[in-house]
file run_37.tsv (TSV, C-alpha atoms)
chain	number	residue	atom	x	y	z
A	1	MET	CA	139.80	136.48	50.40
A	2	LYS	CA	136.00	136.32	49.84
A	3	LYS	CA	136.15	132.54	49.94
A	4	ILE	CA	138.08	132.67	53.21
A	5	LEU	CA	135.54	135.09	54.75
A	6	ILE	CA	132.66	132.86	53.64
A	7	ILE	CA	134.32	129.84	55.23
A	8	ILE	CA	134.95	131.75	58.49
A	9	VAL	CA	131.34	132.95	58.64
A	10	ALA	CA	130.05	129.46	57.91
A	11	VAL	CA	132.20	127.93	60.63
A	12	SER	CA	131.10	130.65	63.06
A	13	LEU	CA	127.43	130.07	62.33
A	14	SER	CA	127.90	126.32	62.70
A	15	SER	CA	129.64	126.79	66.03
A	16	CYS	CA	126.86	129.09	67.27
A	17	ALA	CA	124.25	126.54	66.29
A	18	GLU	CA	126.10	123.79	68.11
A	19	MET	CA	126.58	126.00	71.16
A	20	GLN	CA	122.88	126.88	71.20
A	21	GLN	CA	122.03	123.20	71.00
A	22	VAL	CA	124.24	122.52	74.01
A	23	LEU	CA	122.69	125.43	75.94
A	24	ASN	CA	119.21	124.18	75.13
A	25	GLN	CA	120.09	120.86	76.71
A	26	LEU	CA	121.31	122.40	79.96
A	27	PRO	CA	118.82	122.33	82.89
A	28	GLN	CA	117.08	125.68	83.33
A	29	THR	CA	116.34	126.19	86.99
A	30	GLN	CA	116.82	129.85	87.78
A	31	GLY	CA	113.72	131.96	88.25
A	32	ILE	CA	113.07	135.51	89.32
A	33	GLY	CA	116.00	136.95	91.23
A	34	GLY	CA	118.04	133.80	90.67
A	35	VAL	CA	115.71	131.68	92.83
A	36	ASP	CA	115.82	128.00	91.90
A	37	ILE	CA	112.08	127.46	91.38
A	38	ALA	CA	112.38	123.93	90.02
A	39	GLY	CA	114.76	123.00	92.83
A	40	GLY	CA	112.31	124.27	95.43
A	41	LEU	CA	109.39	122.36	93.98
A	42	LYS	CA	111.47	119.21	93.69
A	43	GLU	CA	112.40	119.61	97.34
A	44	ALA	CA	108.73	120.01	98.25
A	45	LEU	CA	107.82	116.83	96.36
A	46	ASN	CA	110.75	114.94	97.85
A	47	ASN	CA	109.56	116.06	101.29
A	48	GLY	CA	106.15	114.68	100.46
A	49	ILE	CA	107.71	111.37	99.52
A	50	SER	CA	110.08	111.15	102.49
A	51	LYS	CA	107.71	112.47	105.17
A	52	GLN	CA	104.29	111.29	104.02
A	53	VAL	CA	104.70	108.35	101.64
A	54	THR	CA	106.96	106.52	104.09
A	55	LYS	CA	104.05	106.48	106.55
A	56	LEU	CA	102.26	104.17	104.13
A	57	THR	CA	105.01	101.56	104.39
A	58	ALA	CA	104.39	100.93	108.10
A	59	THR	CA	102.06	98.18	109.27
A	60	ASP	CA	98.54	99.60	108.96
A	61	GLY	CA	99.92	102.52	106.92
A	62	PHE	CA	97.05	101.99	104.49
A	63	TYR	CA	94.71	99.89	106.61
A	64	ARG	CA	94.35	102.37	109.51
A	65	ASN	CA	94.54	105.55	107.42
A	66	GLU	CA	91.00	106.39	106.33
A	67	ALA	CA	92.28	108.82	103.68
A	68	VAL	CA	93.99	106.06	101.70
A	69	LYS	CA	92.59	102.78	103.06
A	70	ILE	CA	91.91	100.38	100.20
A	71	LEU	CA	88.29	99.27	100.28
A	72	LEU	CA	86.83	96.42	98.28
A	73	PRO	CA	85.95	97.13	94.65
A	74	GLU	CA	82.24	97.20	93.90
A	75	GLU	CA	82.35	93.73	92.36
A	76	LEU	CA	83.67	92.27	95.62
A	77	ARG	CA	81.30	94.01	98.03
A	78	LYS	CA	78.76	91.30	97.31
A	79	VAL	CA	81.49	88.77	98.11
A	80	ASP	CA	82.03	90.44	101.48
A	81	THR	CA	78.28	90.43	102.17
A	82	GLY	CA	77.93	86.82	101.04
A	83	LEU	CA	80.75	85.57	103.28
A	84	ARG	CA	79.37	87.38	106.32
A	85	ARG	CA	75.93	85.96	105.64
A	86	ILE	CA	77.27	82.40	105.92
A	87	GLY	CA	79.31	83.09	109.06
A	88	LEU	CA	82.70	83.85	107.51
A	89	SER	CA	83.13	87.43	108.76
A	90	SER	CA	86.69	86.79	109.94
A	91	LEU	CA	87.70	85.62	106.46
A	92	ALA	CA	86.06	88.70	104.93
A	93	ASP	CA	87.97	90.94	107.36
A	94	GLU	CA	91.23	89.18	106.55
A	95	GLY	CA	90.63	89.61	102.83
A	96	LEU	CA	90.35	93.38	103.20
A	97	LYS	CA	93.37	93.56	105.47
A	98	VAL	CA	95.71	91.65	103.13
A	99	LEU	CA	94.86	93.95	100.22
A	100	ASN	CA	96.13	96.85	102.30
A	101	ARG	CA	99.13	94.83	103.50
A	102	ALA	CA	100.14	94.23	99.89
A	103	ALA	CA	100.01	97.97	99.20
A	104	GLU	CA	102.02	98.75	102.35
A	105	ASP	CA	104.67	96.25	101.33
A	106	ALA	CA	104.78	97.40	97.71
A	107	VAL	CA	105.31	101.08	98.52
A	108	LYS	CA	108.60	100.14	100.23
A	109	GLU	CA	109.85	98.84	96.89
A	110	ALA	CA	108.37	101.55	94.71
A	111	THR	CA	109.36	104.77	96.50
A	112	PRO	CA	112.57	105.22	94.40
A	113	ILE	CA	110.38	105.29	91.28
A	114	PHE	CA	108.65	108.41	92.55
A	115	VAL	CA	111.94	110.01	93.56
A	116	ASP	CA	113.34	109.50	90.05
A	117	ALA	CA	110.20	110.96	88.50
A	118	VAL	CA	110.64	114.23	90.40
A	119	ARG	CA	114.01	114.79	88.73
A	120	ASN	CA	112.38	115.21	85.32
A	121	MET	CA	110.64	118.46	86.23
A	122	THR	CA	111.71	121.31	83.95
A	123	PHE	CA	111.99	125.04	84.64
A	124	MET	CA	108.89	125.75	82.53
A	125	ASP	CA	106.93	123.08	84.41
A	126	ALA	CA	108.05	124.61	87.70
A	127	LYS	CA	106.93	128.15	86.86
A	128	SER	CA	103.37	127.10	86.05
A	129	ILE	CA	103.20	124.70	88.99
A	130	LEU	CA	104.36	127.28	91.53
A	131	MET	CA	101.53	129.65	90.69
A	132	GLY	CA	98.96	126.87	90.41
A	133	ASN	CA	96.60	125.47	93.01
A	134	GLU	CA	97.58	123.76	96.26
A	135	SER	CA	98.13	120.38	94.58
A	136	SER	CA	99.63	121.49	91.25
A	137	ALA	CA	103.00	119.84	91.88
A	138	THR	CA	101.34	116.59	92.90
A	139	ASN	CA	99.08	116.71	89.84
A	140	TYR	CA	102.13	117.26	87.64
A	141	LEU	CA	103.81	114.23	89.17
A	142	GLN	CA	100.68	112.12	88.76
A	143	ASN	CA	99.97	113.18	85.17
A	144	SER	CA	103.55	112.79	83.99
A	145	THR	CA	104.36	109.48	85.63
A	146	SER	CA	101.21	107.40	86.12
A	147	THR	CA	101.58	105.26	83.00
A	148	ALA	CA	105.24	104.47	83.62
A	149	LEU	CA	104.64	104.00	87.33
A	150	TYR	CA	101.85	101.52	86.71
A	151	GLY	CA	104.15	99.41	84.55
A	152	LYS	CA	106.73	99.27	87.33
A	153	PHE	CA	104.34	99.21	90.28
A	154	ASN	CA	102.07	96.40	89.07
A	155	PRO	CA	104.66	93.58	89.30
A	156	VAL	CA	105.69	94.88	92.71
A	157	ILE	CA	102.09	94.57	93.90
A	158	LYS	CA	101.88	91.10	92.40
A	159	ASN	CA	104.99	90.01	94.28
A	160	SER	CA	103.69	91.64	97.44
A	161	PHE	CA	100.46	89.65	97.16
A	162	THR	CA	102.54	86.49	97.39
A	163	LYS	CA	104.82	87.92	100.09
A	164	VAL	CA	102.01	88.86	102.48
A	165	GLY	CA	99.87	85.84	101.60
A	166	ALA	CA	97.11	87.83	99.95
A	167	ASP	CA	97.04	85.53	96.92
A	168	LYS	CA	96.21	82.49	99.08
A	169	VAL	CA	93.68	84.36	101.21
A	170	TRP	CA	91.81	85.62	98.18
A	171	ALA	CA	91.99	82.31	96.33
A	172	ASN	CA	90.26	80.82	99.38
A	173	ILE	CA	87.73	83.66	99.55
A	174	ILE	CA	86.81	83.44	95.87
A	175	THR	CA	86.55	79.65	96.02
A	176	LYS	CA	84.23	79.77	99.04
A	177	TYR	CA	82.11	82.55	97.59
A	178	ASN	CA	81.76	80.90	94.20
A	179	SER	CA	80.59	77.72	95.94
A	180	ILE	CA	77.56	79.51	97.45
A	181	PRO	CA	74.41	78.33	95.62
A	182	LEU	CA	72.61	80.68	93.24
A	183	ILE	CA	75.26	83.39	93.01
A	184	ASN	CA	77.09	84.89	90.04
A	185	LYS	CA	80.69	83.75	90.18
A	186	VAL	CA	83.47	86.33	90.35
A	187	ASN	CA	87.08	86.37	89.20
A	188	PRO	CA	88.42	89.89	89.85
A	189	ASP	CA	91.82	91.24	88.82
A	190	LEU	CA	92.90	92.28	92.30
A	191	THR	CA	96.47	93.06	91.27
A	192	ASP	CA	95.28	95.75	88.88
A	193	TYR	CA	92.82	97.14	91.42
A	194	VAL	CA	95.30	97.34	94.30
A	195	THR	CA	97.99	98.79	92.02
A	196	ASN	CA	95.73	101.72	91.11
A	197	GLN	CA	94.52	102.20	94.67
A	198	ALA	CA	98.05	102.13	96.08
A	199	MET	CA	99.20	104.72	93.52
A	200	ASN	CA	96.24	106.93	94.40
A	201	GLY	CA	97.18	106.63	98.07
A	202	VAL	CA	100.76	107.67	97.40
A	203	PHE	CA	99.70	110.75	95.44
A	204	LYS	CA	97.22	111.72	98.17
A	205	MET	CA	100.00	111.69	100.75
A	206	VAL	CA	102.31	113.75	98.54
A	207	ALA	CA	99.47	116.26	98.14
A	208	VAL	CA	99.16	116.51	101.93
A	209	GLU	CA	102.76	117.70	102.22
A	210	GLU	CA	102.52	120.01	99.22
A	211	LYS	CA	99.46	121.74	100.70
A	212	ASN	CA	101.25	122.01	104.03
A	213	ILE	CA	104.28	123.71	102.47
A	214	ARG	CA	102.12	126.04	100.39
A	215	THR	CA	99.90	127.17	103.27
A	216	ASN	CA	102.06	126.83	106.39
A	217	ILE	CA	105.16	129.00	106.45
A	218	ALA	CA	106.59	127.03	109.39
A	219	SER	CA	106.73	123.90	107.23
A	220	ARG	CA	109.19	125.53	104.80
A	221	THR	CA	112.18	124.04	106.52
A	222	SER	CA	114.92	125.22	104.16
A	223	ILE	CA	116.01	128.58	102.80
A	224	LEU	CA	115.22	127.40	99.26
A	225	LEU	CA	111.65	126.44	100.18
A	226	GLN	CA	111.19	129.79	101.92
A	227	LYS	CA	112.39	131.74	98.89
A	228	VAL	CA	110.45	129.76	96.31
A	229	PHE	CA	107.12	129.71	98.10
A	230	ALA	CA	107.44	133.35	99.16
A	231	MET	CA	107.06	134.03	95.41
A	232	GLN	CA	103.80	132.10	95.48
A	233	ASP	CA	102.60	134.05	98.54
A	234	LYS	CA	103.04	137.34	96.69
A	235	ASN	CA	100.98	136.15	93.74
call {"tool": "encode", "arguments": {"input": "run_37.tsv", "output": "structure tokens"}}
result
Amino acid sequence: MKKILIIIVAVSLSSCAEMQQVLNQLPQTQGIGGVDIAGGLKEALNNGISKQVTKLTATDGFYRNEAVKILLPEELRKVDTGLRRIGLSSLADEGLKVLNRAAEDAVKEATPIFVDAVRNMTFMDAKSILMGNESSATNYLQNSTSTALYGKFNPVIKNSFTKVGADKVWANIITKYNSIPLINKVNPDLTDYVTNQAMNGVFKMVAVEEKNIRTNIASRTSILLQKVFAMQDKN
């Protein structure tokens, strides 16, 4: 009988351990009063992506938006000055424009990457984010995804360079600049630079929507957003 009881207890403990393991793997989303905090923050981030990031994909989405416009890296500012000095201002202008065009084109391809990243937010992440500052959710997204996003975003930018003709424009610009007498030649990695600048632009636009939802009650367009961010308001 003792042996049987020991076996039963052992099986019971084993089952409890397995059940706990299963429970630990289930998504934890419910907050105070049963409010889905993580769901609300994911909705806020998705709104940022759908409402704000999509603006970047339009023609001049980067180029005419001073908040995210991609300017020349410091190394290339002397290139811009040098070209204008020898009467090639239009080529210098075109060089700046195609960098932004590549970013605009790339964001069309990369938006699903950001959407997928939002899904990984946990309940514990959500609780700390909700009571954080006005860009806590955006910062979470940036900190948790930047490395992976760069790996996926970089080849998209490279392809976009070819698609919008930026590679040819800049090959011409660099060739002409390097042919100017008595200058230090340049060979910048523009794909890397535009990749980072485009990512920064995307996160800036997500932050715009997050701040709007946190500070403007009228922008909480769903019952879930209203419930979740009402908790923040009381803090």
call {"tool": "residues_around", "arguments": {"input": "run_37.tsv", "residues": "stretch 204-220 of chain A", "least_positions_apart": "5", "cutoff": "7 Å", "atoms": "only C-alpha atoms", "output": "PDB file with C-alpha atoms, keeping the file's coordinate frame"}}
result
ATOM      1  CA  ALA A  44     108.730 120.010  98.250  1.00  0.00           C
ATOM      2  CA  LEU A  45     107.820 116.830  96.360  1.00  0.00           C
ATOM      3  CA  GLY A  48     106.150 114.680 100.460  1.00  0.00           C
ATOM      4  CA  ILE A  49     107.710 111.370  99.520  1.00  0.00           C
ATOM      5  CA  GLN A  52     104.290 111.290 104.020  1.00  0.00           C
ATOM      6  CA  VAL A  53     104.700 108.350 101.640  1.00  0.00           C
ATOM      7  CA  GLU A 134      97.580 123.760  96.260  1.00  0.00           C
ATOM      8  CA  SER A 135      98.130 120.380  94.580  1.00  0.00           C
ATOM      9  CA  THR A 138     101.340 116.590  92.900  1.00  0.00           C
ATOM     10  CA  LEU A 225     111.650 126.440 100.180  1.00  0.00           C
ATOM     11  CA  GLN A 226     111.190 129.790 101.920  1.00  0.00           C
ATOM     12  CA  PHE A 229     107.120 129.710  98.100  1.00  0.00           C
TER      13      PHE A 229
END
call {"tool": "closest_residue", "arguments": {"input": "run_37.tsv", "among": "A:Gly165, A:Pro181, A:Pro73, A:Gly40", "to": "A:Val194", "atoms": "all atoms listed in the file"}}
result
A:Pro73
call {"tool": "closest_residue", "arguments": {"input": "run_37.tsv", "among": "A:Lys127, A:Lys163, A:Lys176, A:Lys152", "to": "A:Asn196", "atoms": "only C-alpha atoms"}}
result
A:Lys152
call {"tool": "axis_aligned_box", "arguments": {"input": "run_37.tsv", "around": "stretch 107-126 of chain A", "padding_each_side": "8 Å", "output": "JSON"}}
result
{"center_x": 109.7, "center_y": 112.3, "center_z": 91.4, "size_x": 24.7, "size_y": 42.9, "size_z": 33.7}
call {"tool": "atom_distance", "arguments": {"input": "run_37.tsv", "atom1": "atom CA of A:Leu83", "atom2": "atom CA of A:Leu190"}}
result
17.7 Å
call {"tool": "residues_around", "arguments": {"input": "run_37.tsv", "residues": "A:Gln232", "least_positions_apart": "5", "cutoff": "9 Å", "atoms": "only C-alpha atoms", "output": "ChimeraX atom specification"}}
result
/A:130-132,214
call {"tool": "atom_distance", "arguments": {"input": "run_37.tsv", "atom1": "atom CA of A:Leu56", "atom2": "atom CA of A:Ser160"}}
result
14.3 Å
call {"tool": "residues_around", "arguments": {"input": "run_37.tsv", "residues": "A:Lys42", "least_positions_apart": "2", "cutoff": "9 Å", "atoms": "all atoms listed in the file", "output": "VMD selection string"}}
result
chain A and resid 37 to 40 44 to 47 118 to 119 121 126 137
call {"tool": "write_last_selection", "arguments": {"input": "run_37.tsv", "atoms": "C-alpha atoms", "output": "mmCIF file, keeping the file's coordinate frame"}}
result
data_model
loop_
_atom_site.group_PDB
_atom_site.id
_atom_site.type_symbol
_atom_site.label_atom_id
_atom_site.label_comp_id
_atom_site.auth_asym_id
_atom_site.auth_seq_id
_atom_site.Cartn_x
_atom_site.Cartn_y
_atom_site.Cartn_z
ATOM 1 C CA ILE A 37 112.080 127.460 91.380
ATOM 2 C CA ALA A 38 112.380 123.930 90.020
ATOM 3 C CA GLY A 39 114.760 123.000 92.830
ATOM 4 C CA GLY A 40 112.310 124.270 95.430
ATOM 5 C CA ALA A 44 108.730 120.010 98.250
ATOM 6 C CA LEU A 45 107.820 116.830 96.360
ATOM 7 C CA ASN A 46 110.750 114.940 97.850
ATOM 8 C CA ASN A 47 109.560 116.060 101.290
ATOM 9 C CA VAL A 118 110.640 114.230 90.400
ATOM 10 C CA ARG A 119 114.010 114.790 88.730
ATOM 11 C CA MET A 121 110.640 118.460 86.230
ATOM 12 C CA ALA A 126 108.050 124.610 87.700
ATOM 13 C CA ALA A 137 103.000 119.840 91.880
#
call {"tool": "atom_distance", "arguments": {"input": "run_37.tsv", "atom1": "atom CA of A:Gly201", "atom2": "atom CA of A:Ala230"}}
result
28.6 Å
call {"tool": "closest_residue", "arguments": {"input": "run_37.tsv", "among": "A:Ala103, A:Ala148, A:Val186, A:Ala92", "to": "A:Val68", "atoms": "all atoms listed in the file"}}
result
A:Ala103
call {"tool": "residues_near_point", "arguments": {"input": "run_37.tsv", "point": "(105.0, 100.2, 106.5)", "cutoff": "10 Å", "atoms": "only C-alpha atoms", "output": "short mmCIF file (atom, residue, chain, number, x, y, z; two decimals) with C-alpha atoms, in the frame of the given file"}}
result
data_model
loop_
_atom_site.label_atom_id
_atom_site.label_comp_id
_atom_site.auth_asym_id
_atom_site.auth_seq_id
_atom_site.Cartn_x
_atom_site.Cartn_y
_atom_site.Cartn_z
CA VAL A 53 104.70 108.35 101.64
CA THR A 54 106.96 106.52 104.09
CA LYS A 55 104.05 106.48 106.55
CA LEU A 56 102.26 104.17 104.13
CA THR A 57 105.01 101.56 104.39
CA ALA A 58 104.39 100.93 108.10
CA THR A 59 102.06 98.18 109.27
CA ASP A 60 98.54 99.60 108.96
CA GLY A 61 99.92 102.52 106.92
CA PHE A 62 97.05 101.99 104.49
CA ARG A 101 99.13 94.83 103.50
CA ALA A 103 100.01 97.97 99.20
CA GLU A 104 102.02 98.75 102.35
CA ASP A 105 104.67 96.25 101.33
CA ALA A 106 104.78 97.40 97.71
CA VAL A 107 105.31 101.08 98.52
CA LYS A 108 108.60 100.14 100.23
#
call {"tool": "closest_residue", "arguments": {"input": "run_37.tsv", "among": "A:Phe123, A:Ile70, A:Ala110, A:Asp80", "to": "A:Trp170", "atoms": "only C-alpha atoms"}}
result
A:Asp80
call {"tool": "residues_around", "arguments": {"input": "run_37.tsv", "residues": "A:Pro155", "least_positions_apart": "4", "cutoff": "10 Å", "atoms": "all atoms listed in the file", "output": "ChimeraX atom specification"}}
result
/A:106,150-151,159-161,191-192,195
call {"tool": "closest_residue", "arguments": {"input": "run_37.tsv", "among": "A:Asn172, A:Gly95, A:Asn178, A:Leu41", "to": "A:Ser136", "atoms": "only C-alpha atoms"}}
result
A:Leu41
call {"tool": "decode", "arguments": {"input": "run_37.tsv", "residues": "stretch 86-99 of chain A", "atoms": "N, CA and C atoms", "output": "compact mmCIF listing (two decimals), in the first residue's frame"}}
result
# COMPACT_ATOMS: atom_id res chain seq x y z
N ILE A 86 31.77 73.57 -57.67
CA ILE A 86 32.15 73.43 -59.08
C ILE A 86 30.93 73.42 -60.00
N GLY A 87 29.80 73.93 -59.48
CA GLY A 87 28.61 74.11 -60.32
C GLY A 87 27.74 72.90 -60.48
N LEU A 88 27.82 71.94 -59.56
CA LEU A 88 27.01 70.73 -59.66
C LEU A 88 25.97 70.65 -58.53
N SER A 89 25.31 71.77 -58.27
CA SER A 89 24.31 71.83 -57.21
C SER A 89 23.16 70.88 -57.45
N SER A 90 22.73 70.76 -58.72
CA SER A 90 21.59 69.89 -59.02
C SER A 90 21.93 68.43 -58.73
N LEU A 91 23.16 68.03 -58.99
CA LEU A 91 23.58 66.66 -58.69
C LEU A 91 23.63 66.45 -57.18
N ALA A 92 24.09 67.46 -56.45
CA ALA A 92 24.13 67.37 -54.98
C ALA A 92 22.71 67.24 -54.42
N ASP A 93 21.78 68.02 -54.96
CA ASP A 93 20.38 67.94 -54.52
C ASP A 93 19.80 66.56 -54.81
N GLU A 94 20.10 66.04 -55.98
CA GLU A 94 19.59 64.72 -56.36
C GLU A 94 20.15 63.63 -55.45
N GLY A 95 21.40 63.77 -55.07
CA GLY A 95 22.02 62.79 -54.19
C GLY A 95 21.30 62.70 -52.85
N LEU A 96 20.94 63.84 -52.29
CA LEU A 96 20.21 63.86 -51.02
C LEU A 96 18.82 63.28 -51.19
N LYS A 97 18.19 63.62 -52.29
CA LYS A 97 16.81 63.17 -52.52
C LYS A 97 16.75 61.65 -52.64
N VAL A 98 17.69 61.04 -53.39
CA VAL A 98 17.60 59.59 -53.61
C VAL A 98 17.88 58.80 -52.33
N LEU A 99 18.65 59.36 -51.40
CA LEU A 99 18.84 58.68 -50.11
C LEU A 99 17.50 58.55 -49.40
